[in-house]
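Below you'll find the structure, written out as C-alpha cells, and then a few comments.
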Amino acid sequence: MEINKNYEPQKIEKKWYKFWLENGYFTPEIDKTKKPYTILIPPPNVTGILHMGHVLNNTLQDVMIRYKRMTGIPTLWIPGVDHAGIATQNVVEKELAKEGKTRHDIGREELVSRVWKWKEQKGGRIIEQLKQLGCSCDWTKQRFTMDKGLSDSVKEVFISLYEKDLIYKGKRIINWCPRCVTALANDEVEYEDEKGHMWHIRYPFSDGSGSLSVATTRPETMLGDTAVAIHPEDERYKHLIGKMVKLPLTDREIPVIADEYVDKEFGSGFVKITPAHDPNDYEVGMRHNLEQIIIMDEHGVMNEAAGNDFTGLNRFECRDKIVKMLKDQDLLEKIEDHDHSVGQCYRCDTVIEPYLSDQWFVKMQPLAKPAIKVVKDGRVKFQPERWTKVYYHWMENVRDWCISRQIWWGHRIPAYYCEECNEMIVAKEMPDKCSKCGNDKFRQDEDVLDTWFSSWLWPFSTMGWPKNTEELEYFLPTNLLITAPGIIYLWVARMIMATLEFQNKIPFDTVLLHGMVLDEHGIKMSKSLGNSPDPIHIIEEVGADALRFSMIFNTPKGQDSYYSASILEIGRNFANKIWNAYRFMMMNVEKIEGLPKREKLKLELADKWIYSRLNQVIADVTSEYENLRMNDASSALMDFIWKEFCSWYLELSKDRIYNDEDKAGQLTAKYILLDVFQTSMRLLQPIMPHIAEEIWQGIKHYFPMQEKSIIIADFPKKNEEMINTKIDKDMQLIQDAITGTRNLRKQVNLSPGKEVAISINVASDKQIGLIEKYKNYFLKLARVSELNIAANLQKPHSSIAAVVQDIEIYLPLEGLIDLEAERSKLEKQLAKLEKELKVISGKLNNKKFVDNAPEKIVEKEKEKFNEIETKVIKTRELLAGLK
C-alpha cells in the first residue's frame with residue numbers, strides 16, 4: 001500500500017466527500033420501525049460567505065448528525081438558505097448604483113429579476129463552502145425561503161392568521177431605517193451606548209406669562225409636537241392644564257395636557273409630546289386625540305410639515321439648524337452632556353427613526369402562551385439551562401410583531417385592493433372580482449414580509465407543508481437546534497409558536513445555544529477590525545478536519561470560543577500524529593501475513609490494558625456526544641489516541657511487530673493495532689470525518705469489515721467485560737515507573753541511546769512479579785538494560801532517586817557521568833540560585849517595596865521566588881545523591 005509520507009488533507013477531503021455524495025450516504029430512508037434523528041440548519045443568508053461563527057455552528061451540528069447516523073437510525077440534516085430580504089436587495093442596489101441607477105429607475109419587476117439572477121450566479125457560495133467544511137447535510141432536500149414550496153407555506157400561514165384575527169393592518173409607530181427605507185421589528189434594532197446631549201428648550205406661554213422648559217435628545221422632533229404633558233397629580237403644575245404654549249420656531253400653539261405617562265420626579269416635570277415620532281408619545285396622543293404630524297419623509301429628510309426653514313434638510317442638519325435658531329432667539333435654556341442608548345439598523349448601522357406609518361402586525365400574545373407552556377413542561381429544553389429565563393422574559397413581555405417591510409425582494413403580502421372601492425381582500429392569488437362592488441381590477445399590497453416570517457415556518461415548511469407529506473409525519477418534531485443566543489427572539493421562539501399553531505407539535509426538543517467566536521483578546525471577530533480569518537483559506541492550508549477539531553476542542557459547551565492561530569495548531573498536530581501512526585502501522589503490518597481470530601490472540605499486559613482503556617473511552621465519548629459535550633469528547637479522544645495508543649501501546653508493540661520468531665505475538669500485535677485504531681477512527685469520525693475514512697478504508701485491506709464507509713459503520717459499543725481496573729492499575733504502575741526513570745535520565749542529561757541499570761525498591765511481592773514479568777517494557781521505553789527489584793532496598797552509592805506511587809527508583813550514576821564535574825557544575829548552579837533567592841527575598845521582606853510597588857510587580861516577584869526556591873531544593877537533592 002502506497003501511503004504518502006506527509007498528510008495531504010486537500011486531496012483526501014475532496015476524494016471522500018465526493019465518495020459520500022455519490023453513494024447517497026447523507027440521504028436517509030424512512031424506516032417507521034426506527035425513531036429518526038433530525039436537525040434543521042439555521043439557514044445562512046444567501047448573501048453570506050463562511051465565517052468562523054458558521055464553522056463552529058455547523059461543525060457542532062455535523063458532529064451530532066454523523067454520530068447519530070452511526071447508531072443506525074435514519075438521520076436527517078435539512079440544509080437551506082434564507083433569502084435575506086434587506087441584505088440581498090442592498091447588494092443588488094449597490095450594483096445598480098454603479099450604473100448610476102436606483103431601483104425606482106428600473107421598477108419592481110426588473111429589480112426582482114436581477115436579484116434572482118444574482119442568487120443563481122452567486123447565491124450558492126456558502127453552500128459550497130459548507131461542503132468544503134465536510135457538512136453531511138442531505139443536499140437533495142436543500143431549501144430556499146423563496147422557493148415555491150416555502151412561498152406556498154408563507155401564504156397559507158398569512159391567510160390563516162389573518163382569518164383568525166391574529167394578523168392585522170394598522171397605523172403604528174415603528175422602527176424605521178431611512179437608509180434601507182423600511183420598517184424593522186423591535187428585535188432587528190441593535191442598541192449602542194453613545195455620548196450625546198440633552199437640550200433644554202423654553203416653550204413660551206401664549207398669554208405672555210412666562211415659559212416652561214422641556215428636555216429632549218432629538219430637537220428636530222419638536223417640529224411635530226402637538227402637546228406638552230404633565231403628571232395629573234403634579235401639584236406644581238396642575239393650574240397649567242389646558243393652557244396654551246407657543247411651539248418655538250413655528251406659528252403653532254399647543255396645549256398643556258395631563259397624563260400619567262409623565263414621571264413628575266424626572267427633569268422639569270414637562271414632557272413634549274410628538275405622536276408621529278415617538279412610540280410613547282403616540283400612545284399619549286391616542287388617549288388625548290392629538291394630531292399626528294409626520295415631519296420627515298421615508299429617507300429621514302424634513303418635509304413641508306416641518307416648515308419652510310427646514311424642508312429638504314436631513315434630520316441631523318435640521319437638528320443643528322434648530323439648535324442655532326433657538327440660541328439666537330434665547331429659547332435654548334441649556335445643553336447638558338447625556339449618555340444614552342441609540343437604536344441602529346442591524347443591517348446598515350443607520351440610526352433608527354421612530355416613524356408613524358401603516359404596517360402589518362402579528363398578534364403575539366395568543367401564540368406565546370402555548371410556547372411558554374411547552375418549555376415549562378420540559379418538552380422543549382434549552383442548554384445551557386440559563387437561557388430558559390431569557391426566553392421566558394421575552395415571551396411573557398412579547399409585543400406585536402411588525403411583519404411588513406417596504407422593500408421589493410421577499411414574499412409580497414397577499415393582500416389585494418379593489419381599484420374602484422379600495423376594498424381589501426386577503427387571498428393566495430389576485431381575486432377575479434371584488435366582493436363589494438364587482439370590479440375586476442386590483443392592485444397588490446406593495447410591501448413584502450419580514451424575512452423572519454418565512455424562517456419561523458422552517459421546521460415544517462422544509463418538509464413539504466402545507467401538503468401532508470411522509471417526511472412531515474416522520475421527521476417532525478426534529479431533535480436538536482444548534483444556534484446562537486442572539487436569535488432566541490428573532491427565530492427560536494417564533495419557530496416554537498408557529499409549529500405549535502400549525503402542526504400542534506413542538507419543532508424540536510432541545511436547543512443548544514453556543515457562544516460567539518472571539519479573537520485571542522476576547523474581541524468579537526469582524527472583517528472591519530481585521531481579526532476575522534477566512535475559513536476557506538484555513539481549510540486550504542491545514543484541512544477541514546484540523547479546523548473542525550480545533551474549534552470543537554476549544555469550545556466548552558455553551559461558552560464563547562477564543563480563536564487564534566495557535567489553537568489551529570492543535571488540530572493540525574493531532575491530524576499529523578494520527579497520520580504518522582497510521583503510516584508506521586501499515587508499513588509494518590502489511591509485511592506480516594495472516595490475521596488470527598480474536599480468541600487465538602496471545603494477550604499480555606499492554607494488550608489487555610489498551611482494550612480496557614478503549615472500552616472506557618467508548619463509554620466516555622458516547623456519553624459526551626449524547627450530552628452535547630463535544631469538546632469533552634474531542635479531549636478524551638486526543639488523550640487516548642495520542643497519549644495512550646501512540647505514546648505507549650504503539651511503542652510497546654514494536655518489539656513484537658519486528659520479531660518474526662514469535663509468530664503468535666507478532667500476529668497478536670498486528671490484530672490489536674489494527675482493531676484499536678479502526679475503532680478509534682469510528683469514535684473520531686464525527687469530528688474528523690475525512691482522515692477517519694481514509695485510515696479506516698486503509699485498515700480494511702488487512703482487517704476485514706463489512707461496512708462500505710465509516711460514516712455508515714456501527715458506532716462502537718462498550719464491552720464491559722474488557723474493562724479491567726486491576727489491569728489498569730498494573731499498567732499505571734509500570735507507566736509511572738518508566739516515566740520516573742525517564743525523568744531521572746533527563747535530570748543528568750543522559751543521551752537517549754545510553755542504556756542504564758536501575759534499582760526499584762517495591763512495597764510488595766506482587767509488584768516484584770509484575771515488574772519482573774514486563775521488564776522488557778523498561779528496556780524499550782526507558783533504555784534500562786539491568787533491573788534490580790526487591791523490597792527494602794538501600795539506596796545505592798552516588799545515585800539519584802524518584803518516588804512514584806509506593807515505590808522508589810534509584811539510578812546509580814557512577815560510570816554514567818563524570819561525578820566530580822557534575823558535582824562542581826551543580827554547586828555553581830546552587831550558589832547562583834541561592835544568591836538570586838536572597839535578592840528576591842530581600843525585596844519581599846522590604847515593607848516599603850511591598851506597599852508601594854504595583855501589585856503585578858509584587859506578584860511577579862513572588863512567582864519568581866517560588867520558582868527559584870523549587871530549583872534550589874531540586875539542585876540540593878541532586879547534589880545529595882552524588883555524595
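Residue numbering restarts at 1 for every chain of the C-alpha cells, chains are lettered A, B, ... in their displayed order, and ligands are numbered from 1 as they appear.
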Exercise for the section: List every residue of segment 506-750 of chain A that DSSP, applied to the backbone of this structure, assigns to helix (DSSP H, G or I), and report them as a PyMOL selection string. Expected result: chain A and resi 535-542+544-553+565-589+598-600+605-626+630-658+663-684+689-700+710-712+720-722+725-747
Please, which residues in segment 363-476 of chain A fall within 9 Å of segment 181-184 of chain A when counting only C-alpha atoms, and what is the closest atom pair and distance in Å to one decimal for each, ordered by chain then residue number, as a tab-separated table?
```
residue	atom	partner	partner_atom	distance
A:Cys402	CA	A:Leu184	CA	7.2
A:Ile403	CA	A:Leu184	CA	8.2
A:Ser404	CA	A:Ala183	CA	6.9
A:Arg405	CA	A:Thr182	CA	5.3
A:Gln406	CA	A:Thr182	CA	4.5
A:Ile407	CA	A:Thr182	CA	6.5
A:Asp450	CA	A:Leu184	CA	8.2
```
What does the file look like for those residues with C-alpha atoms, as a compact mmCIF listing (two decimals), in the first residue's frame?
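Generated file (again_19.txt):
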```
# COMPACT_ATOMS: atom_id res chain seq x y z
CA CYS A 402 -44.34 44.25 12.72
CA ILE A 403 -44.06 41.95 9.69
CA SER A 404 -44.24 44.37 6.75
CA ARG A 405 -41.15 45.71 5.00
CA GLN A 406 -41.01 48.49 2.43
CA ILE A 407 -38.68 46.69 0.03
CA ASP A 450 -40.18 40.33 7.14
```
Handout entry: Those of segment 277-351 of chain A in DSSP strand (DSSP E or B), formatted as a list of chain:residue names
Key =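 Checking each residue of segment 277-351 of chain A, the strand (DSSP E or B) ones are A:Met296, A:Val301, A:Met302, A:Asn314, A:Leu332, A:Glu333, A:Lys334, A:Ile335, A:Glu336, A:Asp337, A:His338, A:Asp339, A:His340, A:Ser341, A:Val342, A:Gly343, A:Gln344, A:Cys345, A:Val351.
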Give me the residues near Arg583 of chain A as a compact mmCIF listing (two decimals) with N, CA, C and O atoms, in the first residue's frame, where near means some atom within 10 Å (using only C-alpha atoms) and where sequence neighbours in that chain fewer than 3 positions away do not count.
```txt
# COMPACT_ATOMS: atom_id res chain seq x y z
N MET A 1 0.84 -1.19 0.00
CA MET A 1 0.00 0.00 0.00
C MET A 1 0.88 1.24 0.00
O MET A 1 1.79 1.37 0.81
N GLU A 2 0.60 2.16 -0.92
CA GLU A 2 1.36 3.41 -1.03
C GLU A 2 0.72 4.46 -0.12
O GLU A 2 -0.42 4.86 -0.32
N ILE A 3 1.46 4.88 0.90
CA ILE A 3 0.95 5.90 1.82
C ILE A 3 1.92 7.07 1.83
O ILE A 3 3.12 6.89 2.08
N ASN A 4 1.41 8.25 1.51
CA ASN A 4 2.26 9.43 1.47
C ASN A 4 2.94 9.67 2.81
O ASN A 4 2.34 9.43 3.87
N LYS A 5 4.15 10.17 2.74
CA LYS A 5 4.89 10.45 3.97
C LYS A 5 4.19 11.53 4.78
O LYS A 5 4.10 11.47 6.00
N ASN A 6 3.70 12.54 4.08
CA ASN A 6 3.02 13.65 4.75
C ASN A 6 1.51 13.58 4.52
O ASN A 6 1.05 13.17 3.45
N TYR A 7 0.77 13.97 5.52
CA TYR A 7 -0.69 14.02 5.41
C TYR A 7 -1.09 15.16 4.48
O TYR A 7 -0.67 16.30 4.66
N LYS A 577 -0.17 13.58 13.82
CA LYS A 577 0.16 12.47 14.73
C LYS A 577 -0.59 11.21 14.32
O LYS A 577 -0.01 10.11 14.26
N ILE A 578 -1.88 11.36 14.04
CA ILE A 578 -2.70 10.22 13.60
C ILE A 578 -2.14 9.63 12.31
O ILE A 578 -2.01 8.41 12.16
N TRP A 579 -1.79 10.52 11.39
CA TRP A 579 -1.29 10.07 10.08
C TRP A 579 0.03 9.32 10.23
O TRP A 579 0.23 8.27 9.62
N ASN A 580 0.93 9.85 11.04
CA ASN A 580 2.23 9.20 11.22
C ASN A 580 2.08 7.83 11.88
O ASN A 580 2.78 6.87 11.52
N MET A 586 0.87 0.65 8.97
CA MET A 586 0.60 -0.01 7.69
C MET A 586 1.89 -0.48 7.01
O MET A 586 1.90 -1.52 6.36
N MET A 587 2.95 0.31 7.16
CA MET A 587 4.23 -0.10 6.56
C MET A 587 4.74 -1.41 7.17
O MET A 587 5.48 -2.16 6.53
N ASN A 588 4.34 -1.68 8.40
CA ASN A 588 4.84 -2.87 9.08
C ASN A 588 3.86 -4.03 9.07
O ASN A 588 4.26 -5.18 8.89
N ILE A 695 -8.16 6.45 6.78
CA ILE A 695 -7.45 5.46 7.58
C ILE A 695 -8.26 4.17 7.72
O ILE A 695 -7.74 3.06 7.58
N GLY A 698 -8.11 2.19 4.65
CA GLY A 698 -6.80 1.56 4.53
C GLY A 698 -6.69 0.32 5.40
O GLY A 698 -6.16 -0.72 4.98
```
Practice task
Check the smallest atom-to-atom distance from each of A:Pro686, A:Pro370, A:Gly594, A:Pro752 to Lys670 of chain A using only C-alpha atoms, then report the winner.
Solution key: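 Nearest candidate to Lys670 of chain A out of A:Pro686, A:Pro370, A:Gly594, A:Pro752: A:Gly594.
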Could you pull the residues within 7 Å of segment 681-685 of chain A, counting only C-alpha atoms, minus those fewer than 6 positions along the same chain, as a PDB file with C-alpha atoms, in the first residue's frame?
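The new file out29.pdb reads:
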```
ATOM      1  CA  LEU A 637     -10.143  11.079  22.023  1.00  0.00           C
ATOM      2  CA  ALA A 692     -11.021   8.831   9.718  1.00  0.00           C
ATOM      3  CA  TRP A 696     -10.409   3.168   8.156  1.00  0.00           C
ATOM      4  CA  ILE A 710     -17.039   4.572   8.075  1.00  0.00           C
ATOM      5  CA  PHE A 715     -20.593   3.305  16.302  1.00  0.00           C
ATOM      6  CA  PRO A 716     -18.558   1.298  18.849  1.00  0.00           C
TER       7      PRO A 716
END
```
Output as CSV one row per residue of segment 516-562 of chain A within 12 Å of segment 9-17 of chain A: the closest atom pair and its distance in Å to one decimal place, counting only C-alpha atoms, sorted by chain and residue number ascending.
```
residue,atom,partner,partner_atom,distance
A:Ile536,CA,A:Gln10,CA,11.4
A:His537,CA,A:Gln10,CA,11.6
A:Ile538,CA,A:Gln10,CA,11.1
A:Ile539,CA,A:Gln10,CA,8.0
A:Glu540,CA,A:Gln10,CA,6.6
A:Glu541,CA,A:Gln10,CA,8.3
A:Val542,CA,A:Pro9,CA,7.0
A:Gly543,CA,A:Pro9,CA,5.1
A:Ala544,CA,A:Glu13,CA,7.6
A:Asp545,CA,A:Pro9,CA,7.9
A:Ala546,CA,A:Pro9,CA,8.8
A:Leu547,CA,A:Pro9,CA,11.1
```
Writing out the chosen residues with all heavy atoms as a PDB file, in the first residue's frame:
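So the final result, stored in selection.pdb, reads:
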```pdb
ATOM      1  N   ILE A 536     -12.040  29.377   4.577  1.00  0.00           N
ATOM      2  CA  ILE A 536     -11.657  28.631   3.370  1.00  0.00           C
ATOM      3  C   ILE A 536     -10.144  28.642   3.195  1.00  0.00           C
ATOM      4  O   ILE A 536      -9.544  27.634   2.807  1.00  0.00           O
ATOM      5  CB  ILE A 536     -12.379  29.199   2.128  1.00  0.00           C
ATOM      6  CG1 ILE A 536     -13.901  29.025   2.285  1.00  0.00           C
ATOM      7  CG2 ILE A 536     -11.904  28.511   0.859  1.00  0.00           C
ATOM      8  CD1 ILE A 536     -14.372  27.600   2.540  1.00  0.00           C
ATOM      9  N   HIS A 537      -9.507  29.774   3.497  1.00  0.00           N
ATOM     10  CA  HIS A 537      -8.039  29.810   3.441  1.00  0.00           C
ATOM     11  C   HIS A 537      -7.443  28.832   4.453  1.00  0.00           C
ATOM     12  O   HIS A 537      -6.440  28.167   4.175  1.00  0.00           O
ATOM     13  CB  HIS A 537      -7.538  31.231   3.737  1.00  0.00           C
ATOM     14  CG  HIS A 537      -7.813  32.203   2.641  1.00  0.00           C
ATOM     15  ND1 HIS A 537      -7.736  33.573   2.788  1.00  0.00           N
ATOM     16  CD2 HIS A 537      -8.210  31.999   1.346  1.00  0.00           C
ATOM     17  CE1 HIS A 537      -8.049  34.163   1.647  1.00  0.00           C
ATOM     18  NE2 HIS A 537      -8.341  33.234   0.758  1.00  0.00           N
ATOM     19  N   ILE A 538      -8.065  28.756   5.627  1.00  0.00           N
ATOM     20  CA  ILE A 538      -7.587  27.826   6.658  1.00  0.00           C
ATOM     21  C   ILE A 538      -7.732  26.383   6.165  1.00  0.00           C
ATOM     22  O   ILE A 538      -6.825  25.569   6.314  1.00  0.00           O
ATOM     23  CB  ILE A 538      -8.356  28.030   7.980  1.00  0.00           C
ATOM     24  CG1 ILE A 538      -8.065  29.416   8.550  1.00  0.00           C
ATOM     25  CG2 ILE A 538      -7.989  26.948   8.997  1.00  0.00           C
ATOM     26  CD1 ILE A 538      -8.925  29.785   9.749  1.00  0.00           C
ATOM     27  N   ILE A 539      -8.889  26.072   5.580  1.00  0.00           N
ATOM     28  CA  ILE A 539      -9.131  24.713   5.063  1.00  0.00           C
ATOM     29  C   ILE A 539      -8.123  24.375   3.976  1.00  0.00           C
ATOM     30  O   ILE A 539      -7.582  23.263   3.929  1.00  0.00           O
ATOM     31  CB  ILE A 539     -10.584  24.596   4.536  1.00  0.00           C
ATOM     32  CG1 ILE A 539     -11.569  24.626   5.719  1.00  0.00           C
ATOM     33  CG2 ILE A 539     -10.767  23.315   3.720  1.00  0.00           C
ATOM     34  CD1 ILE A 539     -13.030  24.752   5.311  1.00  0.00           C
ATOM     35  N   GLU A 540      -7.838  25.343   3.111  1.00  0.00           N
ATOM     36  CA  GLU A 540      -6.869  25.109   2.039  1.00  0.00           C
ATOM     37  C   GLU A 540      -5.456  24.902   2.589  1.00  0.00           C
ATOM     38  O   GLU A 540      -4.636  24.211   2.008  1.00  0.00           O
ATOM     39  CB  GLU A 540      -6.888  26.282   1.053  1.00  0.00           C
ATOM     40  CG  GLU A 540      -8.162  26.302   0.196  1.00  0.00           C
ATOM     41  CD  GLU A 540      -8.338  27.587  -0.581  1.00  0.00           C
ATOM     42  OE1 GLU A 540      -7.552  28.543  -0.351  1.00  0.00           O
ATOM     43  OE2 GLU A 540      -9.282  27.666  -1.402  1.00  0.00           O
ATOM     44  N   GLU A 541      -5.196  25.511   3.747  1.00  0.00           N
ATOM     45  CA  GLU A 541      -3.851  25.423   4.333  1.00  0.00           C
ATOM     46  C   GLU A 541      -3.674  24.158   5.185  1.00  0.00           C
ATOM     47  O   GLU A 541      -2.685  23.428   5.010  1.00  0.00           O
ATOM     48  CB  GLU A 541      -3.597  26.657   5.202  1.00  0.00           C
ATOM     49  CG  GLU A 541      -2.216  26.678   5.823  1.00  0.00           C
ATOM     50  CD  GLU A 541      -2.036  27.825   6.807  1.00  0.00           C
ATOM     51  OE1 GLU A 541      -2.911  28.711   6.869  1.00  0.00           O
ATOM     52  OE2 GLU A 541      -1.031  27.804   7.526  1.00  0.00           O
ATOM     53  N   VAL A 542      -4.620  23.886   6.096  1.00  0.00           N
ATOM     54  CA  VAL A 542      -4.414  22.775   7.045  1.00  0.00           C
ATOM     55  C   VAL A 542      -5.470  21.684   6.934  1.00  0.00           C
ATOM     56  O   VAL A 542      -5.318  20.610   7.531  1.00  0.00           O
ATOM     57  CB  VAL A 542      -4.375  23.278   8.503  1.00  0.00           C
ATOM     58  CG1 VAL A 542      -3.292  24.306   8.699  1.00  0.00           C
ATOM     59  CG2 VAL A 542      -5.721  23.843   8.941  1.00  0.00           C
ATOM     60  N   GLY A 543      -6.549  21.940   6.187  1.00  0.00           N
ATOM     61  CA  GLY A 543      -7.596  20.935   6.042  1.00  0.00           C
ATOM     62  C   GLY A 543      -8.804  21.211   6.923  1.00  0.00           C
ATOM     63  O   GLY A 543      -8.695  21.827   7.991  1.00  0.00           O
ATOM     64  N   ALA A 544      -9.948  20.733   6.467  1.00  0.00           N
ATOM     65  CA  ALA A 544     -11.196  20.927   7.211  1.00  0.00           C
ATOM     66  C   ALA A 544     -11.170  20.189   8.540  1.00  0.00           C
ATOM     67  O   ALA A 544     -11.656  20.699   9.556  1.00  0.00           O
ATOM     68  CB  ALA A 544     -12.383  20.455   6.363  1.00  0.00           C
ATOM     69  N   ASP A 545     -10.614  18.978   8.552  1.00  0.00           N
ATOM     70  CA  ASP A 545     -10.607  18.186   9.792  1.00  0.00           C
ATOM     71  C   ASP A 545      -9.825  18.878  10.900  1.00  0.00           C
ATOM     72  O   ASP A 545     -10.250  18.892  12.058  1.00  0.00           O
ATOM     73  CB  ASP A 545     -10.018  16.798   9.539  1.00  0.00           C
ATOM     74  CG  ASP A 545     -11.002  15.877   8.844  1.00  0.00           C
ATOM     75  OD1 ASP A 545     -12.178  16.253   8.717  1.00  0.00           O
ATOM     76  OD2 ASP A 545     -10.593  14.781   8.435  1.00  0.00           O
ATOM     77  N   ALA A 546      -8.687  19.457  10.550  1.00  0.00           N
ATOM     78  CA  ALA A 546      -7.872  20.156  11.556  1.00  0.00           C
ATOM     79  C   ALA A 546      -8.633  21.364  12.096  1.00  0.00           C
ATOM     80  O   ALA A 546      -8.609  21.634  13.306  1.00  0.00           O
ATOM     81  CB  ALA A 546      -6.540  20.587  10.958  1.00  0.00           C
ATOM     82  N   LEU A 547      -9.309  22.089  11.206  1.00  0.00           N
ATOM     83  CA  LEU A 547     -10.105  23.249  11.629  1.00  0.00           C
ATOM     84  C   LEU A 547     -11.270  22.804  12.505  1.00  0.00           C
ATOM     85  O   LEU A 547     -11.527  23.393  13.564  1.00  0.00           O
ATOM     86  CB  LEU A 547     -10.612  24.000  10.398  1.00  0.00           C
ATOM     87  CG  LEU A 547     -11.579  25.168  10.664  1.00  0.00           C
ATOM     88  CD1 LEU A 547     -10.934  26.219  11.563  1.00  0.00           C
ATOM     89  CD2 LEU A 547     -12.023  25.808   9.342  1.00  0.00           C
TER      90      LEU A 547
END
```
Practice task
Mind checking which residues fall within 10 Å of segment 498-502 of chain A, counting only C-alpha atoms, ignoring those fewer than 3 positions away in the same chain, and posting them as a list in words?
Solution key: Val157, Ser160, Leu161, Pro366, Leu367, Ala368, Pro370, Ala371, Val374, Phe453, Trp456, Leu457, Trp458, Pro459, Phe460, Ser461, Trp465, Pro466, Leu476, Pro477, Ala493, Arg494, Met495, Lys505, Ile506, Pro507 and Phe508 of chain A
Exercise for the section: For Leu811 of chain A, please output as a PyMOL selection string all residues within 6 Å (counting only C-alpha atoms; exclusion window: fewer than 6 positions along the same chain). Expected result: chain A and resi 758+799-800
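Each of A:Ile352, A:Leu750, A:Val245, A:Leu529 was compared to Glu298 of chain A using only C-alpha atoms, and A:Ile352 turns out to be the nearest.
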Determine, using only C-alpha atoms, which residues of segment 297-406 of chain A have any atom at most 10 Å from an atom of segment 203-215 of chain A, and tabulate each with its shortest atom pair and distance in Å to one decimal place, rows ordered by chain and then rising number, as a tab-separated table.
```
residue	atom	partner	partner_atom	distance
A:Leu331	CA	A:Tyr203	CA	7.4
A:Leu332	CA	A:Ser213	CA	9.2
A:Glu333	CA	A:Ser213	CA	7.7
A:Lys334	CA	A:Ala215	CA	9.3
A:Ile335	CA	A:Ala215	CA	9.2
A:Glu336	CA	A:Ala215	CA	9.8
```
Include C-alpha atoms and write out the residues we just selected as a PDB file, in the first residue's frame.
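Output (again_18.pdb):
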```pdb
ATOM      1  CA  LEU A 331     -35.126  79.826  23.684  1.00  0.00           C
ATOM      2  CA  LEU A 332     -32.333  77.387  24.499  1.00  0.00           C
ATOM      3  CA  GLU A 333     -32.064  77.239  28.282  1.00  0.00           C
ATOM      4  CA  LYS A 334     -29.050  74.914  28.468  1.00  0.00           C
ATOM      5  CA  ILE A 335     -27.253  71.951  26.866  1.00  0.00           C
ATOM      6  CA  GLU A 336     -26.125  69.013  29.002  1.00  0.00           C
TER       7      GLU A 336
END
```
Exercise for the section: Tell me, in Å to one decimal, how far atom CA of Leu449 of chain A is from atom CA of His411 of chain A. Expected result: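 Taking atom CA of Leu449 of chain A as the start and atom CA of His411 of chain A as the end point, the length is 5.5 Å.
Interatomic distance, atom CA of Ala763 of chain A against atom CA of Pro796 of chain A: 17.6 Å.
Once segment 481-488 of chain A and its same-chain neighbours fewer than 3 positions away are set aside, Ile39, Leu40, Pro42, Asn57, Gln61, Tyr391, Trp491, Val492, Ala493, Phe508, Thr510, Val511, Leu512, Leu513, His514 and Gly515 of chain A remain within 7 Å of it when counting only C-alpha atoms.
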Problem - Pick from A:Ile322, A:Met463, A:Ile840, A:Val762 nearest to Glu859 of chain A, counting only C-alpha atoms - result: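 Of all the options, A:Ile840 lies closest to Glu859 of chain A.
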Practice task
Calculate how many Å separate atom CA of Trp20 of chain A from atom CA of Lys122 of chain A, rounding to one decimal.
Solution key: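 Computed distance, atom CA of Trp20 of chain A to atom CA of Lys122 of chain A, equals 25.0 Å.
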Exercise for the section: Between A:Ala757, A:Ala84, A:Met296, A:Ile868, single out the one closest to Pro178 of chain A, counting only C-alpha atoms. Expected result: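 Nearest to Pro178 of chain A: A:Met296.
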